[in-house]
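Scroll down for the structure; my scribbles are underneath it.
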Amino acid sequence: MPGDGPTAVVRLDGNIVYVSGEGLGSARHRLFFRTVLGGRLTNDAWECPTRGAPGSEIVIEIVRRLEGLGYSAAASGVAADRALQNEVERVRSFRRVRKAAQGFLGLTGDSPVSTVSEEEVIATLREVGWNFEERDPLPHQRHGILHALNAANAANFSVPGAGKTATALAVAATHIAQGTIDVVVVVGPLSCFAPWERECAMAAPGVFAPRRVRAGSRAGRVAIYRRTRSRDLLLLSFATAASDRAELETLCRRIRVMLVVDESHRVKRFRGGHWAPALMDIARYARVKMILSGTPMPQGARDLYSQLNILWPGGELTGSRATYAARADSDFTSVIRRVEPFFVRTPKSQLNLPDLHFFRHDVPLAPLQAQIYELIVTRLRGEIPDAASWQDRIDALRRARPIRLIQAASNPDLLNAADGFFHIPALRSPSGTLMERLHRYRDFGELPGKFAYTLEFLRGLQGEGRKCVVWTSFVRNIDQLSALVRAQLGAPVFSVDGRVPAGDGSAHAGEEIDETREMRIDRFLAEQGFAVLIANPAACAESISLHSACHTALYVDRTHDCARWLQSIDRIHRLGLKPDDRVEIHVIKSVADGMPTIDEVVDTRLLVKEDNMRLLLESAELRAEGLAKQDTLSAAEGSEEDLMAVLKYLLGEE
């Protein structure tokens with residue numbers, strides 16, 4: 001890797017790296033050697049202590065820095081020369097793989113060419129025991145498998161519900177059959193464990209032995225790693241992987257590991273944190289790496305940095321953190337060009353799913369509910385200053401908590417208690433009339449209009465023996481609706497929200513519970529005939545599939561959070577549906593005296609945002625989704641444009 005500029009000599013001697021060469025005493029070099037590496041300049045040479053880090057890594061860091069500045073780096077001494085040669089081979093290997101990946105995707109201008117044929121891969125999967133009757137890979141999945149085998153370390157950024165788990169499992173099975181790897185380590189959210197176990201049982205029965213590495217005691221987990229043998233598939237949470245970094249590195253040194261990071265956008269933090277640095281370190285020792293995410297850039301281009309450095313932990317795809325930040329902020333196209341050979345993305349349009357059938361139901365507010373709703377409208381209207389600018393009015397509206405309108409239109413009793421998810425207190429109002437009606441609502445026993453409609457709707461499905469998922473944004477609604485359905489329909493009801501952890505009761509994360517989301521969802525799906533799952537979208541945002549047994553969704557209420565709206569639809573509209581399956585989406589909208597309520601405003605705004613967001617989430621291109629602040633009150637109450645629409649509604653201008 002020599003350059004045409006001046007020469008620098010790097011020598012590793014014990015715990016000191018010595019660097020000598022022309023001009024290394026200049027200010028720009030002092031900043032790096034003295035400030036970053038803690039070195040000192042002696043007799044025209046820098047002496048840099050390794051400070052506990054492997055000396056070879058310091059040598060490589062120095063060489064990369066100097067070559068980036070135009071130097072030709074030479075090694076002096078066996079240790080430094082070995083490190084430099086390893087770096088040369090690493091770069092050569094990356095270039096070879098990059099060329100193969102570019103050729104497969106046809107990015108070189110020539111016809112696409114693969115280093116391995118599809119026929120060979122299918123034959124290999126048959127030999128290893130892949131179940132083609134149950135999981136014959138679809139065309140986009142075969143493309144993803146071949147791409148991963150050409151790219152060596154690859155990202156699959158296909159849309160949610162595209163079958164990324166099965167694709168990654170097929171890649172792992174091929175590597176197992178070819179003797180490239182011995183073991184698969186999957187790191188992801190706790191909710192991804194069950195899908196991996198199901199795919200192992202369905203697609204590769206007997207090929208892999210999946211095992212959850214429960215948090216428990218460190219000694220227990222270490223024992224699992226030491227007993228790990230060929231064809232084991234370990235499932236770890238992000239927290240467990242970070243905690244067991246050293247043990248996992250030891251495992252990777254002992255046997256050949258394929259590291260898969262599922263829902264990799266969870267480690268998107270550009271700087272700081274614990275998960276991303278741990279996974280990058282583990283990835284250095286893994287033989288093969290793969291990352292999976294349907295939304296790889298929820299906030300922007302910087303979200304890719306940590307994910308890409310899990311794929312190629314030497315920084316081959318990103319360069320330094322500072323370099324990547326500059327390129328991502330000023331010329332994202334160049335970032336995509338560099339990354340493009342190493343990812344595939346299947347848009348939803350290529351999944352050939354059956355059409356969605358949408359229904360909107362106008363439902364009158366109950367009598368007392370209508371009075372409370374009108375008092376909330378009056379209260380919010382009074383918070384808006386008359387003579388202020390539109391921006392000042394929007395700011396005032398946000399401070400007044402417009403989500404109160406959505407609560408009142410859904411269930412006025414929501415205003416009587418604090419909301420743990422959105423972190424808003426019970427309503428306190430100077431209006432005695434409003435507070436009196438709210439207290440009466442709790443005691444009066446009126447059924448909100450949407451609740452009454454929900455019961456009748458579910459009663460109809462009960463007669464047909466169909467399952468339904470009922471979505472609401474509010475935890476208190478989940479509890480009250482669950483009780484009503486059990487009491488009035490006598491039907492099996494399962495509820496899921498943020499109070500129900502998504503995994504296996506990992507003690508170190510404080511998640512020990514009697515029943516998990518996963519267990520409740522499995523029981524819902526296994527129930528014969530009619531059953532109801534009542535959930536909030538945030539609790540089932542990832543790695544949850546309901547489409548095997550449930551094709552009907554009813555929305556009691558929605559917020560302005562379009563990401564959650566689309567993600568919830570994907571729970572029942574995803575790969576695996578039969579062509580004749582009918583998937584129905586039912587939305588309840590409250591009306592007051594025949595006039596629209598806040599639900600109409602939310603519906604209109606979601607339609608506008610949905611078109612734009614689907615272009616991002618379903619595009620074959622890699623783009624920033626702009627999903628910042630999801631899971632927050634700000635996302636629920638909406639953007640400036642959303643609040644403007646609410647403001648005009650309150651002022652009677654729309």
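Every chain in the structure tokens has a letter given in the order shown (A, B, ...), and although residue numbers restart at 1 in each chain, ligands are simply numbered from 1 in the order shown.
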I want to know what sits within 6 Å of segment 46-61 of chain A, based on only C-alpha atoms, with residues of the same chain fewer than 3 positions away left out; could you give that as a list in words?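 Near neighbours after the sequence-gap exclusion: Asn15, Ile16, Val17, Tyr18, Val19, Gly39, Arg40, Leu41, Arg64 and Ala83 of chain A.
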Next, the residues of the selection above should be written as a PDB file, in the first residue's frame with C-alpha atoms.
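Saved result, result09.pdb, follows:
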ATOM      1  CA  ASN A  15       4.560  -1.560  24.374  1.00  0.00           C
ATOM      2  CA  ILE A  16       5.874   1.317  22.265  1.00  0.00           C
ATOM      3  CA  VAL A  17       5.288   2.123  18.600  1.00  0.00           C
ATOM      4  CA  TYR A  18       8.087   4.252  17.104  1.00  0.00           C
ATOM      5  CA  VAL A  19       7.355   6.384  14.041  1.00  0.00           C
ATOM      6  CA  GLY A  39       2.881  10.073  22.076  1.00  0.00           C
ATOM      7  CA  ARG A  40       5.928  12.232  22.571  1.00  0.00           C
ATOM      8  CA  LEU A  41       8.455  13.514  20.034  1.00  0.00           C
ATOM      9  CA  ARG A  64      -3.839   4.434   7.684  1.00  0.00           C
ATOM     10  CA  ALA A  83       0.627  -6.139  11.210  1.00  0.00           C
TER      11      ALA A  83
END
Between segment 277-346 of chain A and segment 152-166 of chain A, at 9 Å or less, what are the per-residue closest atom pairs and their distances in Å? Count only C-alpha atoms, order by chain and rising residue number, and return it as CSV.
residue,atom,partner,partner_atom,distance
A:Val288,CA,A:Asn153,CA,5.8
A:Lys289,CA,A:Asn153,CA,4.8
A:Met290,CA,A:Ala154,CA,5.0
A:Ile291,CA,A:Ala155,CA,4.8
A:Leu292,CA,A:Asn156,CA,5.0
A:Ser293,CA,A:Phe157,CA,5.0
A:Gly294,CA,A:Val159,CA,4.5
A:Thr295,CA,A:Phe157,CA,7.0
A:Pro296,CA,A:Phe157,CA,6.6
A:Gln307,CA,A:Ala155,CA,8.9
A:Leu308,CA,A:Ala155,CA,8.4
A:Leu311,CA,A:Asn153,CA,5.6
A:Trp312,CA,A:Asn153,CA,7.3
A:Pro341,CA,A:Ala154,CA,8.7
A:Phe342,CA,A:Ala154,CA,5.1
A:Phe343,CA,A:Ala155,CA,4.5
A:Val344,CA,A:Asn156,CA,5.2
A:Arg345,CA,A:Ser158,CA,4.1
A:Thr346,CA,A:Ser158,CA,4.4
I want to know what sits within 12 Å of Thr597 of chain A, based on only C-alpha atoms, with residues of the same chain fewer than 4 positions away left out; could you give that as a PyMOL selection string? chain A and resi 362-365+370+373-374+376-377+405-410+557+588-593+601-604+646+649-650+652+654
Limited to N, CA and C atoms, could you put the picked residues into a file as an mmCIF file, in the first residue's frame?
data_model
loop_
_atom_site.group_PDB
_atom_site.id
_atom_site.type_symbol
_atom_site.label_atom_id
_atom_site.label_comp_id
_atom_site.auth_asym_id
_atom_site.auth_seq_id
_atom_site.Cartn_x
_atom_site.Cartn_y
_atom_site.Cartn_z
ATOM 1 N N ASP A 362 -67.638 6.056 10.166
ATOM 2 C CA ASP A 362 -67.994 7.233 10.958
ATOM 3 C C ASP A 362 -68.910 6.800 12.106
ATOM 4 N N VAL A 363 -68.485 7.122 13.315
ATOM 5 C CA VAL A 363 -69.219 6.674 14.512
ATOM 6 C C VAL A 363 -69.507 7.885 15.385
ATOM 7 N N PRO A 364 -70.777 8.131 15.746
ATOM 8 C CA PRO A 364 -71.118 9.290 16.588
ATOM 9 C C PRO A 364 -70.517 9.165 17.993
ATOM 10 N N LEU A 365 -70.104 10.284 18.538
ATOM 11 C CA LEU A 365 -69.691 10.328 19.935
ATOM 12 C C LEU A 365 -70.898 10.032 20.823
ATOM 13 N N ALA A 370 -69.656 13.610 23.816
ATOM 14 C CA ALA A 370 -69.740 14.749 22.901
ATOM 15 C C ALA A 370 -69.606 16.066 23.668
ATOM 16 N N TYR A 373 -65.954 16.420 24.650
ATOM 17 C CA TYR A 373 -65.142 16.727 23.475
ATOM 18 C C TYR A 373 -65.255 18.210 23.125
ATOM 19 N N GLU A 374 -66.472 18.729 23.144
ATOM 20 C CA GLU A 374 -66.669 20.138 22.801
ATOM 21 C C GLU A 374 -65.985 21.048 23.827
ATOM 22 N N ILE A 376 -63.244 20.307 25.446
ATOM 23 C CA ILE A 376 -61.803 20.226 25.144
ATOM 24 C C ILE A 376 -61.475 21.123 23.952
ATOM 25 N N VAL A 377 -62.349 21.111 22.937
ATOM 26 C CA VAL A 377 -62.147 21.992 21.784
ATOM 27 C C VAL A 377 -62.129 23.452 22.241
ATOM 28 N N LEU A 405 -57.403 16.079 22.335
ATOM 29 C CA LEU A 405 -58.533 15.915 21.417
ATOM 30 C C LEU A 405 -58.691 14.459 20.992
ATOM 31 N N ILE A 406 -57.558 13.809 20.663
ATOM 32 C CA ILE A 406 -57.599 12.408 20.232
ATOM 33 C C ILE A 406 -58.081 11.527 21.377
ATOM 34 N N GLN A 407 -57.636 11.845 22.606
ATOM 35 C CA GLN A 407 -58.097 11.084 23.764
ATOM 36 C C GLN A 407 -59.606 11.227 23.958
ATOM 37 N N ALA A 408 -60.101 12.456 23.892
ATOM 38 C CA ALA A 408 -61.530 12.685 24.115
ATOM 39 C C ALA A 408 -62.379 12.007 23.050
ATOM 40 N N ALA A 409 -61.904 12.033 21.797
ATOM 41 C CA ALA A 409 -62.657 11.399 20.714
ATOM 42 C C ALA A 409 -62.623 9.881 20.822
ATOM 43 N N SER A 410 -61.631 9.370 21.539
ATOM 44 C CA SER A 410 -61.512 7.927 21.707
ATOM 45 C C SER A 410 -62.245 7.463 22.955
ATOM 46 N N ASP A 557 -58.250 4.228 17.432
ATOM 47 C CA ASP A 557 -57.764 5.604 17.293
ATOM 48 C C ASP A 557 -56.374 5.570 16.670
ATOM 49 N N ILE A 588 -61.935 3.519 12.657
ATOM 50 C CA ILE A 588 -63.097 4.195 13.244
ATOM 51 C C ILE A 588 -62.794 5.690 13.355
ATOM 52 N N LYS A 589 -63.717 6.505 12.868
ATOM 53 C CA LYS A 589 -63.585 7.962 12.981
ATOM 54 C C LYS A 589 -64.809 8.525 13.699
ATOM 55 N N SER A 590 -64.562 9.232 14.777
ATOM 56 C CA SER A 590 -65.670 9.836 15.520
ATOM 57 C C SER A 590 -66.245 11.026 14.768
ATOM 58 N N VAL A 591 -67.547 11.219 14.901
ATOM 59 C CA VAL A 591 -68.205 12.419 14.386
ATOM 60 C C VAL A 591 -69.055 12.990 15.515
ATOM 61 N N ALA A 592 -69.223 14.321 15.509
ATOM 62 C CA ALA A 592 -70.017 15.016 16.528
ATOM 63 C C ALA A 592 -71.145 15.766 15.837
ATOM 64 N N ASP A 593 -72.365 15.346 16.096
ATOM 65 C CA ASP A 593 -73.527 15.952 15.428
ATOM 66 C C ASP A 593 -73.362 15.924 13.914
ATOM 67 N N VAL A 601 -59.056 15.096 10.765
ATOM 68 C CA VAL A 601 -57.793 15.808 10.550
ATOM 69 C C VAL A 601 -56.639 14.819 10.516
ATOM 70 N N VAL A 602 -56.601 13.901 11.486
ATOM 71 C CA VAL A 602 -55.531 12.901 11.541
ATOM 72 C C VAL A 602 -55.547 12.033 10.294
ATOM 73 N N ASP A 603 -56.725 11.614 9.878
ATOM 74 C CA ASP A 603 -56.844 10.750 8.699
ATOM 75 C C ASP A 603 -56.314 11.455 7.450
ATOM 76 N N THR A 604 -56.687 12.693 7.277
ATOM 77 C CA THR A 604 -56.240 13.453 6.100
ATOM 78 C C THR A 604 -54.727 13.625 6.104
ATOM 79 N N VAL A 646 -54.492 21.014 12.579
ATOM 80 C CA VAL A 646 -55.285 20.985 13.812
ATOM 81 C C VAL A 646 -55.726 22.399 14.184
ATOM 82 N N TYR A 649 -58.519 23.518 12.047
ATOM 83 C CA TYR A 649 -59.749 22.817 12.465
ATOM 84 C C TYR A 649 -60.360 23.505 13.687
ATOM 85 N N LEU A 650 -59.532 23.833 14.658
ATOM 86 C CA LEU A 650 -60.031 24.476 15.876
ATOM 87 C C LEU A 650 -60.620 25.854 15.596
ATOM 88 N N GLY A 652 -61.987 26.720 12.850
ATOM 89 C CA GLY A 652 -63.078 26.622 11.890
ATOM 90 C C GLY A 652 -62.719 27.064 10.497
ATOM 91 N N GLU A 654 -61.152 25.085 8.278
ATOM 92 C CA GLU A 654 -61.175 23.939 7.356
ATOM 93 C C GLU A 654 -62.322 23.019 7.721
#
Near segment 391-401 of chain A, counting only C-alpha atoms, which residues have an atom at most 12 Å away, once you skip same-chain residues fewer than 5 positions from it, shown as a ChimeraX atom specification? /A:376-386,406-407,415,422-429,633-651
Let me see the file: selected residues, N, CA and C atoms, as a compact mmCIF listing (two decimals), in the first residue's frame.
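Result file is again.txt:
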# COMPACT_ATOMS: atom_id res chain seq x y z
N ILE A 376 -63.24 20.31 25.45
CA ILE A 376 -61.80 20.23 25.14
C ILE A 376 -61.47 21.12 23.95
N VAL A 377 -62.35 21.11 22.94
CA VAL A 377 -62.15 21.99 21.78
C VAL A 377 -62.13 23.45 22.24
N THR A 378 -63.09 23.81 23.08
CA THR A 378 -63.16 25.19 23.58
C THR A 378 -61.92 25.53 24.39
N ARG A 379 -61.47 24.60 25.21
CA ARG A 379 -60.29 24.83 26.04
C ARG A 379 -59.05 25.08 25.18
N LEU A 380 -58.84 24.24 24.17
CA LEU A 380 -57.67 24.40 23.31
C LEU A 380 -57.77 25.69 22.49
N ARG A 381 -58.98 25.99 22.03
CA ARG A 381 -59.17 27.21 21.25
C ARG A 381 -58.82 28.44 22.10
N GLY A 382 -59.13 28.36 23.39
CA GLY A 382 -58.83 29.47 24.28
C GLY A 382 -57.35 29.65 24.55
N GLU A 383 -56.55 28.61 24.28
CA GLU A 383 -55.11 28.70 24.50
C GLU A 383 -54.39 29.37 23.33
N ILE A 384 -55.11 29.61 22.24
CA ILE A 384 -54.48 30.16 21.04
C ILE A 384 -54.63 31.68 21.03
N PRO A 385 -53.54 32.42 21.08
CA PRO A 385 -53.64 33.90 21.10
C PRO A 385 -54.17 34.43 19.77
N ASP A 386 -55.07 35.41 19.84
CA ASP A 386 -55.74 35.93 18.65
C ASP A 386 -54.80 36.66 17.71
N ILE A 406 -57.56 13.81 20.66
CA ILE A 406 -57.60 12.41 20.23
C ILE A 406 -58.08 11.53 21.38
N GLN A 407 -57.64 11.84 22.61
CA GLN A 407 -58.10 11.08 23.76
C GLN A 407 -59.61 11.23 23.96
N LEU A 415 -58.62 10.98 30.01
CA LEU A 415 -58.21 12.27 30.57
C LEU A 415 -58.16 12.25 32.09
N PHE A 422 -47.15 8.12 26.78
CA PHE A 422 -46.86 9.46 26.27
C PHE A 422 -46.34 10.40 27.37
N HIS A 423 -46.36 9.92 28.61
CA HIS A 423 -45.84 10.70 29.74
C HIS A 423 -46.56 12.05 29.87
N ILE A 424 -47.88 11.99 29.84
CA ILE A 424 -48.68 13.19 30.08
C ILE A 424 -49.56 12.93 31.29
N PRO A 425 -49.74 13.93 32.14
CA PRO A 425 -50.52 13.75 33.37
C PRO A 425 -52.01 13.73 33.08
N ALA A 426 -52.77 13.40 34.11
CA ALA A 426 -54.22 13.54 34.00
C ALA A 426 -54.56 15.00 33.72
N LEU A 427 -55.69 15.23 33.06
CA LEU A 427 -56.07 16.59 32.71
C LEU A 427 -56.40 17.41 33.95
N ARG A 428 -55.84 18.59 34.01
CA ARG A 428 -56.20 19.56 35.04
C ARG A 428 -56.69 20.80 34.33
N SER A 429 -57.91 21.22 34.62
CA SER A 429 -58.50 22.34 33.88
C SER A 429 -59.16 23.32 34.83
N LEU A 633 -44.20 11.76 22.26
CA LEU A 633 -45.41 12.59 22.20
C LEU A 633 -45.35 13.53 21.00
N SER A 634 -44.15 14.01 20.67
CA SER A 634 -44.02 14.91 19.52
C SER A 634 -44.45 14.24 18.23
N ALA A 635 -44.05 12.98 18.05
CA ALA A 635 -44.45 12.26 16.84
C ALA A 635 -45.96 12.07 16.80
N ALA A 636 -46.56 11.78 17.95
CA ALA A 636 -48.00 11.55 18.00
C ALA A 636 -48.78 12.82 17.70
N GLU A 637 -48.31 13.95 18.25
CA GLU A 637 -49.04 15.20 18.04
C GLU A 637 -48.73 15.81 16.68
N GLY A 638 -47.61 15.41 16.09
CA GLY A 638 -47.40 15.76 14.70
C GLY A 638 -46.37 16.83 14.41
N SER A 639 -46.13 16.99 13.14
CA SER A 639 -45.19 17.98 12.63
C SER A 639 -45.83 19.37 12.62
N GLU A 640 -45.05 20.34 12.18
CA GLU A 640 -45.60 21.70 12.07
C GLU A 640 -46.82 21.71 11.14
N GLU A 641 -46.74 20.94 10.05
CA GLU A 641 -47.85 20.89 9.10
C GLU A 641 -49.08 20.24 9.74
N ASP A 642 -48.85 19.20 10.54
CA ASP A 642 -49.96 18.55 11.23
C ASP A 642 -50.63 19.52 12.20
N LEU A 643 -49.82 20.22 12.97
CA LEU A 643 -50.37 21.16 13.94
C LEU A 643 -51.09 22.32 13.27
N MET A 644 -50.61 22.72 12.10
CA MET A 644 -51.31 23.76 11.35
C MET A 644 -52.71 23.28 10.97
N ALA A 645 -52.81 22.02 10.55
CA ALA A 645 -54.11 21.46 10.19
C ALA A 645 -55.03 21.41 11.41
N VAL A 646 -54.49 21.01 12.58
CA VAL A 646 -55.28 20.98 13.81
C VAL A 646 -55.73 22.40 14.18
N LEU A 647 -54.83 23.35 14.03
CA LEU A 647 -55.13 24.74 14.35
C LEU A 647 -56.27 25.27 13.49
N LYS A 648 -56.21 25.01 12.21
CA LYS A 648 -57.27 25.46 11.31
C LYS A 648 -58.60 24.79 11.64
N TYR A 649 -58.52 23.52 12.05
CA TYR A 649 -59.75 22.82 12.47
C TYR A 649 -60.36 23.50 13.69
N LEU A 650 -59.53 23.83 14.66
CA LEU A 650 -60.03 24.48 15.88
C LEU A 650 -60.62 25.85 15.60
N LEU A 651 -60.02 26.56 14.63
CA LEU A 651 -60.48 27.90 14.32
C LEU A 651 -61.59 27.91 13.28
Which of segment 106-253 of chain A fall in strand (DSSP E), as a PyMOL selection string: chain A and resi 154-156+183-188+209-212+232-237
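The spacing separating atom CA of Leu461 of chain A from atom CA of Gly490 of chain A amounts to 13.3 Å.
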I'd like the neighbourhood of segment 204-211 of chain A as a PyMOL selection string, where a residue qualifies if any of its atoms comes within 9 Å (using only C-alpha atoms), though same-chain residues fewer than 6 positions away should be ignored. chain A and resi 128-131+135+169-170+173+176+183-184+196-197+230-236
Please, what distance in Å, to one decimal, runs between atom CA of Glu446 of chain A and atom CA of Ala538 of chain A?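 Those two atoms sit 28.2 Å apart.
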Report as a count of residues only: the residues of segment 304-482 of chain A with a DSSP assignment of alpha helix (DSSP H), based on the backbone of this structure. 97
Excluding Arg440 of chain A and its own-chain neighbours fewer than 5 positions away, which residues fall within 10 Å of it when counting only C-alpha atoms? Please give them as a ChimeraX atom specification. /A:368,413,434-435,445-446
Which polymer residues have any atom within 9 Å of an atom of segment 471-482 of chain A, counting only C-alpha atoms, with same-chain residues fewer than 5 positions away left out, as a ChimeraX atom specification? /A:407,410-411,413-414,417,419-422,451,454-455,487,493-499,532-538,553-559,568
Looking at A:Leu546, A:Leu317, A:Ala388, A:Val267, which one is nearest to Gly188 of chain A, with distances taken over only C-alpha atoms?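 Using only C-alpha atoms, Gly188 of chain A sits closest to A:Val267.
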Pull the closest atom pair for each residue of segment 37-125 of chain A that gets at most 12 Å from segment 336-340 of chain A, along with the distance in Å to one decimal, counting only C-alpha atoms, ordering rows by chain and then ascending residue number, as a tab-separated table.
residue	atom	partner	partner_atom	distance
A:Arg95	CA	A:Arg338	CA	11.8
A:Arg98	CA	A:Arg338	CA	9.5
A:Lys99	CA	A:Glu340	CA	11.7
A:Ala101	CA	A:Glu340	CA	9.0
A:Gln102	CA	A:Glu340	CA	8.2
A:Gly103	CA	A:Glu340	CA	11.7
A:Phe104	CA	A:Glu340	CA	11.5
A:Leu105	CA	A:Glu340	CA	9.0
A:Gly106	CA	A:Glu340	CA	11.0
A:Leu107	CA	A:Glu340	CA	8.7
A:Thr108	CA	A:Glu340	CA	11.8
Closest of A:Met595, A:Leu66, A:Ala75, A:Val113 to Asp13 of chain A - atom-to-atom distances counting only C-alpha atoms: A:Ala75
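Between Val78 of chain A and the residues A:Ser334, A:Glu199, A:Leu353, A:Gly14, the shortest atom-to-atom distance, using only C-alpha atoms, involves A:Gly14.
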